[in-house]
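Here's final.cif, which has mmCIF, C-alpha atoms:
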data_query
loop_
_atom_site.label_atom_id
_atom_site.label_comp_id
_atom_site.auth_asym_id
_atom_site.auth_seq_id
_atom_site.Cartn_x
_atom_site.Cartn_y
_atom_site.Cartn_z
CA MET A 1 35.85 -14.28 -50.93
CA ILE A 2 32.25 -13.06 -51.21
CA ARG A 3 31.69 -9.53 -49.93
CA SER A 4 28.52 -7.56 -49.24
CA ILE A 5 27.64 -4.78 -51.70
CA GLY A 6 25.05 -2.92 -49.63
CA ASN A 7 21.79 -1.76 -51.16
CA MET A 8 22.55 -2.37 -54.81
CA LYS A 9 19.51 -2.77 -57.04
CA ILE A 10 19.48 -4.88 -60.15
CA TYR A 11 17.43 -4.35 -63.28
CA LEU A 12 17.11 -6.84 -66.14
CA ALA A 13 16.94 -5.49 -69.69
CA SER A 14 16.81 -7.99 -72.54
CA LEU A 15 19.50 -10.53 -71.68
CA LEU A 16 21.76 -8.06 -69.84
CA ILE A 17 21.54 -6.94 -66.23
CA ALA A 18 22.36 -3.28 -65.59
CA CYS A 19 23.26 -2.50 -61.99
CA PHE A 20 22.79 1.00 -60.62
CA GLN A 21 24.22 1.99 -57.24
CA VAL A 22 22.82 5.17 -55.69
CA MET A 23 25.46 7.76 -54.85
CA LEU A 24 23.72 9.67 -52.08
CA ALA A 25 26.06 12.63 -51.98
CA SER A 26 25.54 13.71 -55.59
CA SER A 27 22.16 12.00 -56.23
CA SER A 28 23.67 10.51 -59.39
CA TYR A 29 24.08 6.95 -60.63
CA SER A 30 26.96 4.84 -61.83
CA SER A 31 26.14 1.92 -64.10
CA PHE A 32 27.80 -1.21 -65.39
CA THR A 33 26.76 -4.43 -67.04
CA ILE A 34 26.78 -8.00 -65.79
CA ASN A 35 26.57 -10.78 -68.37
CA HIS A 36 28.38 -13.98 -69.33
CA LEU A 37 31.58 -11.99 -69.93
CA GLN A 38 31.70 -11.20 -66.20
CA GLY A 39 30.95 -14.81 -65.31
CA LEU A 40 27.14 -15.04 -65.26
CA SER A 41 26.36 -18.70 -65.90
CA ASN A 42 23.52 -18.04 -68.36
CA SER A 43 21.90 -15.02 -69.98
CA ALA A 44 18.38 -16.31 -69.25
CA VAL A 45 17.80 -14.93 -65.75
CA LEU A 46 14.62 -16.33 -64.16
CA SER A 47 14.90 -14.90 -60.63
CA ILE A 48 16.78 -12.19 -58.72
CA LEU A 49 17.13 -11.62 -54.97
CA GLN A 50 19.15 -9.36 -52.69
CA ASP A 51 19.72 -11.16 -49.38
CA ASN A 52 19.81 -9.63 -45.91
CA GLN A 53 23.59 -9.06 -46.20
CA GLY A 54 23.26 -7.18 -49.51
CA LEU A 55 24.57 -9.92 -51.79
CA MET A 56 22.84 -10.34 -55.16
CA TRP A 57 21.67 -13.81 -56.22
CA PHE A 58 20.58 -14.78 -59.72
CA GLY A 59 18.69 -17.90 -60.72
CA THR A 60 19.35 -18.71 -64.36
CA TYR A 61 18.50 -21.40 -66.86
CA ASP A 62 21.87 -22.99 -66.08
CA GLY A 63 23.03 -22.37 -62.54
CA PHE A 64 22.69 -20.35 -59.35
CA ASN A 65 24.87 -17.21 -59.21
CA CYS A 66 26.11 -14.92 -56.43
CA TYR A 67 27.49 -11.44 -57.17
CA ASP A 68 29.45 -9.64 -54.45
CA GLY A 69 30.22 -6.42 -56.35
CA ARG A 70 33.45 -7.78 -57.83
CA THR A 71 33.10 -11.40 -58.84
CA ILE A 72 30.41 -13.94 -59.63
CA ASP A 73 30.36 -17.38 -58.01
CA VAL A 74 28.37 -20.05 -59.85
CA PHE A 75 26.75 -23.07 -58.20
CA ARG A 76 25.48 -26.04 -60.19
CA THR A 77 24.36 -29.59 -59.56
CA ASP A 78 27.22 -31.81 -58.38
CA PHE A 79 26.07 -35.28 -57.38
CA SER A 80 29.53 -36.14 -56.05
CA LYS A 81 28.60 -34.06 -53.00
CA GLY A 82 26.37 -35.25 -50.19
CA ARG A 83 23.88 -32.44 -50.90
CA THR A 84 23.57 -30.51 -54.11
CA LEU A 85 21.15 -28.49 -56.21
CA ASP A 86 18.60 -30.92 -57.59
CA ASN A 87 18.42 -29.06 -60.92
CA ASN A 88 20.30 -26.25 -62.66
CA ILE A 89 17.18 -24.39 -63.83
CA ILE A 90 16.59 -21.99 -60.92
CA SER A 91 13.11 -20.50 -61.10
CA ARG A 92 12.78 -18.74 -57.74
CA ILE A 93 14.92 -17.49 -54.81
CA GLN A 94 13.52 -16.52 -51.39
CA ILE A 95 14.89 -15.72 -47.92
CA ALA A 96 14.93 -18.72 -45.55
CA SER A 97 16.77 -16.95 -42.68
CA ASP A 98 19.61 -14.44 -42.29
CA ASP A 99 22.12 -17.03 -43.50
CA LYS A 100 19.98 -19.30 -45.70
CA LEU A 101 18.04 -19.10 -48.95
CA TRP A 102 15.30 -21.11 -50.59
CA VAL A 103 16.49 -22.01 -54.08
CA GLN A 104 13.62 -23.43 -56.11
CA SER A 105 14.35 -25.42 -59.24
CA TYR A 106 12.11 -27.29 -61.65
CA SER A 107 12.66 -30.41 -59.50
CA GLY A 108 12.07 -29.16 -55.96
CA VAL A 109 13.13 -26.68 -53.27
CA ASN A 110 16.72 -26.51 -51.98
CA LEU A 111 17.88 -24.97 -48.70
CA PHE A 112 21.14 -23.13 -49.39
CA SER A 113 23.55 -21.86 -46.72
CA THR A 114 25.14 -18.50 -47.52
CA ASP A 115 27.79 -19.21 -44.86
CA SER A 116 29.04 -22.55 -46.21
CA LEU A 117 27.94 -21.72 -49.78
CA SER A 118 26.38 -25.14 -50.11
CA VAL A 119 23.03 -26.90 -50.25
CA ILE A 120 22.16 -28.31 -46.83
CA ASP A 121 18.77 -29.85 -47.58
CA ASN A 122 16.41 -30.75 -50.43
CA TYR A 123 12.63 -30.87 -50.37
CA VAL A 124 10.52 -32.65 -52.96
CA PHE A 125 6.75 -32.46 -53.39
CA PRO A 126 5.85 -35.43 -55.63
CA ASP A 127 3.15 -34.96 -58.26
CA GLU A 128 2.46 -31.38 -57.18
CA GLU A 129 3.44 -28.03 -58.67
CA VAL A 130 4.61 -25.75 -55.85
CA ILE A 131 5.91 -22.22 -55.29
CA VAL A 132 7.84 -21.09 -52.20
CA PHE A 133 7.03 -17.71 -50.59
CA SER A 134 8.69 -16.05 -47.59
CA ASN A 135 9.33 -12.68 -45.95
CA ARG A 136 12.67 -11.10 -45.02
CA LYS A 137 12.64 -12.95 -41.66
CA GLY A 138 12.28 -16.29 -43.40
CA ASP A 139 8.68 -17.13 -42.44
CA SER A 140 8.07 -19.55 -45.28
CA TRP A 141 5.15 -21.16 -47.08
CA ILE A 142 4.80 -23.60 -49.96
CA VAL A 143 1.73 -23.06 -52.13
CA GLY A 144 0.81 -26.13 -54.14
CA LYS A 145 -1.98 -27.04 -56.50
CA ARG A 146 -3.56 -29.32 -53.87
CA ASN A 147 -1.92 -28.51 -50.53
CA LEU A 148 -0.52 -25.66 -48.47
CA TYR A 149 2.63 -26.15 -46.37
CA TYR A 150 4.61 -24.04 -43.91
CA TYR A 151 8.23 -24.45 -42.83
CA ASN A 152 8.57 -25.49 -39.19
CA THR A 153 11.90 -24.06 -38.01
CA TYR A 154 12.00 -26.30 -34.91
CA HIS A 155 11.72 -29.56 -36.85
CA ARG A 156 13.36 -28.11 -40.00
CA CYS A 157 10.77 -29.50 -42.34
CA PHE A 158 7.72 -28.45 -44.33
CA VAL A 159 4.44 -29.34 -42.65
CA LYS A 160 1.11 -29.67 -44.42
CA ALA A 161 -1.12 -26.86 -43.14
CA GLY A 162 -4.22 -27.68 -45.16
CA ALA A 163 -5.71 -28.45 -48.54
CA MET A 164 -5.72 -25.94 -51.37
CA ASN A 165 -8.80 -25.58 -53.54
CA LEU A 166 -7.94 -22.38 -55.35
CA ASN A 167 -5.54 -21.34 -58.10
CA GLN A 168 -3.32 -18.43 -57.12
CA GLN A 169 -2.17 -15.81 -59.58
CA SER A 170 -0.05 -13.91 -57.05
CA ALA A 171 0.86 -14.07 -53.37
CA TYR A 172 3.13 -12.59 -50.71
CA VAL A 173 4.13 -13.08 -47.06
CA ASP A 174 3.83 -10.07 -44.77
CA GLY A 175 6.19 -9.10 -41.95
CA GLN A 176 4.25 -11.15 -39.39
CA GLY A 177 4.36 -14.30 -41.53
CA GLY A 178 0.82 -14.14 -42.88
CA LEU A 179 0.33 -15.50 -46.39
CA HIS A 180 -1.93 -13.52 -48.72
CA ILE A 181 -3.16 -15.01 -51.99
CA VAL A 182 -5.04 -13.40 -54.87
CA PRO A 183 -6.95 -16.23 -56.61
CA VAL A 184 -7.45 -16.43 -60.35
CA ASN A 185 -10.58 -14.64 -61.62
CA ASP A 186 -11.82 -13.53 -58.22
CA THR A 187 -12.75 -10.32 -56.42
CA LYS A 188 -11.16 -11.06 -53.03
CA MET A 189 -7.88 -11.88 -51.31
CA ILE A 190 -7.43 -14.96 -49.10
CA HIS A 191 -5.40 -14.66 -45.89
CA PHE A 192 -3.64 -17.55 -44.09
CA SER A 193 -2.00 -17.25 -40.68
CA LEU A 194 -0.36 -19.47 -38.05
CA SER A 195 0.27 -18.90 -34.37
CA SER A 196 3.89 -20.03 -34.74
CA PHE A 197 6.43 -21.24 -37.30
CA SER A 198 8.60 -22.80 -34.59
CA ALA A 199 6.26 -24.94 -32.49
CA ASP A 200 7.59 -28.22 -31.09
CA SER A 201 4.40 -29.97 -32.21
CA LEU A 202 3.82 -30.68 -35.89
CA GLN A 203 0.10 -30.13 -35.32
CA THR A 204 -0.91 -26.63 -36.30
CA SER A 205 -4.05 -24.54 -36.46
CA LEU A 206 -4.47 -22.64 -39.71
CA ASP A 207 -6.60 -19.50 -39.66
CA VAL A 208 -8.17 -18.63 -43.03
CA THR A 209 -10.03 -15.39 -43.76
CA SER A 210 -10.81 -13.31 -46.83
CA SER A 211 -11.32 -9.65 -47.66
CA PRO A 212 -12.73 -7.87 -50.74
CA LEU A 213 -10.10 -6.59 -53.12
CA HIS A 214 -12.19 -5.17 -55.97
CA SER A 215 -15.80 -5.01 -57.04
CA LYS A 216 -14.97 -6.60 -60.39
CA VAL A 217 -13.16 -9.84 -61.19
CA ILE A 218 -9.40 -9.30 -61.11
CA LYS A 219 -7.70 -10.51 -64.28
CA LYS A 220 -4.06 -9.87 -63.44
CA THR A 221 -2.13 -8.83 -60.34
CA PHE A 222 1.47 -8.07 -59.47
CA ILE A 223 2.65 -7.79 -55.86
CA GLN A 224 5.87 -6.03 -54.85
CA SER A 225 6.71 -5.51 -51.14
CA GLY A 226 3.04 -5.86 -50.19
CA VAL A 227 1.86 -3.32 -52.79
CA ILE A 228 -0.75 -4.86 -55.11
CA CYS A 229 -1.06 -3.71 -58.72
CA LYS A 230 -4.16 -5.12 -60.41
CA GLU A 231 -5.92 -5.10 -63.74
#
Let's see the structure in the file written out as structure tokens.
Amino acid sequence: MIRSIGNMKIYLASLLIACFQVMLASSSYSSFTINHLQGLSNSAVLSILQDNQGLMWFGTYDGFNCYDGRTIDVFRTDFSKGRTLDNNIISRIQIASDDKLWVQSYSGVNLFSTDSLSVIDNYVFPDEEVIVFSNRKGDSWIVGKRNLYYYNTYHRCFVKAGAMNLNQQSAYVDGQGGLHIVPVNDTKMIHFSLSSFSADSLQTSLDVTSSPLHSKVIKKTFIQSGVICKE
């Protein structure tokens, strides 16, 4: 049975993942290693996420892994099932809701239930490279090379919000669901917002604004929890 492990933080060093759990009483750390010997499906870890229940999820080059503090469960493509992961190379994991995750592979985006431990839907964006972004509430966007989509929770589908004519180097979704993109070789940040992610109508009004980020062209950025590090 999968159990929650609280606020455990995971750090990747080389091909091993060292987990450090804060011991508040003594302000010290205990450490241990997770690798293939403990059941990790592959040493090439491409993505890591801690869900809203505290479980750790790892996207690897060969499978989707869940660590509950004791054991690792591995999920791979199984076409004998009605729904399954569309690919075993898991490049990105994001929150979809309290009990669901977006599991992005090299073939598309999968909606994974953490209750049933199964894929419940698959989304494909033909002839377009996409990246899924969401916040901890599950307000979700798909950023593509040509189009921008949002996930409508009422209709349970991705809806085209508008065309994309910029290349993003980094992006994040804030607590209110706004999408913020730092374009490649630019000095500003672009902001996208919707009035609702759950409207009955599939018609939506996208609000797009921009704000200056730096006086000089930004070469590289990294965004963590809304904090932007730039070069």
*Within 6 Å of Gln168 in chain A, counting all atoms listed in the file, which residues qualify if same-chain residues fewer than 4 places away don't, as a PyMOL selection string?*
chain A and resi 182-184
*Non-local contacts of range 93-97 of chain A (6 Å; only C-alpha atoms; under 2 positions in same chain excluded) as a VMD selection string*: chain A and resid 99 to 103 136 to 138
_Between A:Val217, A:Phe64, A:Phe58, A:Gln203, which residue has the minimum interatomic distance to Tyr150 in chain A, considering all atoms listed in the file?_
A:Gln203
Evaluate the PyMOL selection byres ((chain A and resi 159) around 10) against this structure - the residues, as a PDB file with C-alpha atoms, in the coordinates of the input, please.
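Below is the file part-v7.pdb, written as the result:
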ATOM      1  CA  TRP A 141       5.150 -21.160 -47.080  1.00  0.00           C
ATOM      2  CA  ILE A 142       4.800 -23.600 -49.960  1.00  0.00           C
ATOM      3  CA  LEU A 148      -0.520 -25.660 -48.470  1.00  0.00           C
ATOM      4  CA  TYR A 149       2.630 -26.150 -46.370  1.00  0.00           C
ATOM      5  CA  TYR A 150       4.610 -24.040 -43.910  1.00  0.00           C
ATOM      6  CA  TYR A 151       8.230 -24.450 -42.830  1.00  0.00           C
ATOM      7  CA  ASN A 152       8.570 -25.490 -39.190  1.00  0.00           C
ATOM      8  CA  HIS A 155      11.720 -29.560 -36.850  1.00  0.00           C
ATOM      9  CA  ARG A 156      13.360 -28.110 -40.000  1.00  0.00           C
ATOM     10  CA  CYS A 157      10.770 -29.500 -42.340  1.00  0.00           C
ATOM     11  CA  PHE A 158       7.720 -28.450 -44.330  1.00  0.00           C
ATOM     12  CA  LYS A 160       1.110 -29.670 -44.420  1.00  0.00           C
ATOM     13  CA  ALA A 161      -1.120 -26.860 -43.140  1.00  0.00           C
ATOM     14  CA  GLY A 162      -4.220 -27.680 -45.160  1.00  0.00           C
ATOM     15  CA  PHE A 197       6.430 -21.240 -37.300  1.00  0.00           C
ATOM     16  CA  LEU A 202       3.820 -30.680 -35.890  1.00  0.00           C
ATOM     17  CA  GLN A 203       0.100 -30.130 -35.320  1.00  0.00           C
ATOM     18  CA  THR A 204      -0.910 -26.630 -36.300  1.00  0.00           C
TER      19      THR A 204
END
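In this model, the gap between CA of Gln104 in chain A and CA of Ser210 in chain A comes to 28.0 Å.
If you look at CA of Ile131 in chain A and CA of Ile181 in chain A, they are 12.0 Å away from each other.
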Residues picked by the PyMOL selection byres ((chain A and resi 227) around 12) here, as a compact mmCIF listing (two decimals) with C-alpha atoms, in the coordinates of the input?
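What follows is the written file result.txt:
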# COMPACT_ATOMS: atom_id res chain seq x y z
CA SER A 170 -0.05 -13.91 -57.05
CA ALA A 171 0.86 -14.07 -53.37
CA TYR A 172 3.13 -12.59 -50.71
CA VAL A 173 4.13 -13.08 -47.06
CA ASP A 174 3.83 -10.07 -44.77
CA HIS A 180 -1.93 -13.52 -48.72
CA THR A 221 -2.13 -8.83 -60.34
CA PHE A 222 1.47 -8.07 -59.47
CA ILE A 223 2.65 -7.79 -55.86
CA GLN A 224 5.87 -6.03 -54.85
CA SER A 225 6.71 -5.51 -51.14
CA GLY A 226 3.04 -5.86 -50.19
CA ILE A 228 -0.75 -4.86 -55.11
CA CYS A 229 -1.06 -3.71 -58.72
CA LYS A 230 -4.16 -5.12 -60.41
*Nearest to Val109 in chain A among A:Arg70, A:Arg92, A:Lys145, A:Lys220, with distances taken over only C-alpha atoms: which residue is it?*
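Nearest candidate to Val109 in chain A out of A:Arg70, A:Arg92, A:Lys145, A:Lys220: A:Arg92.
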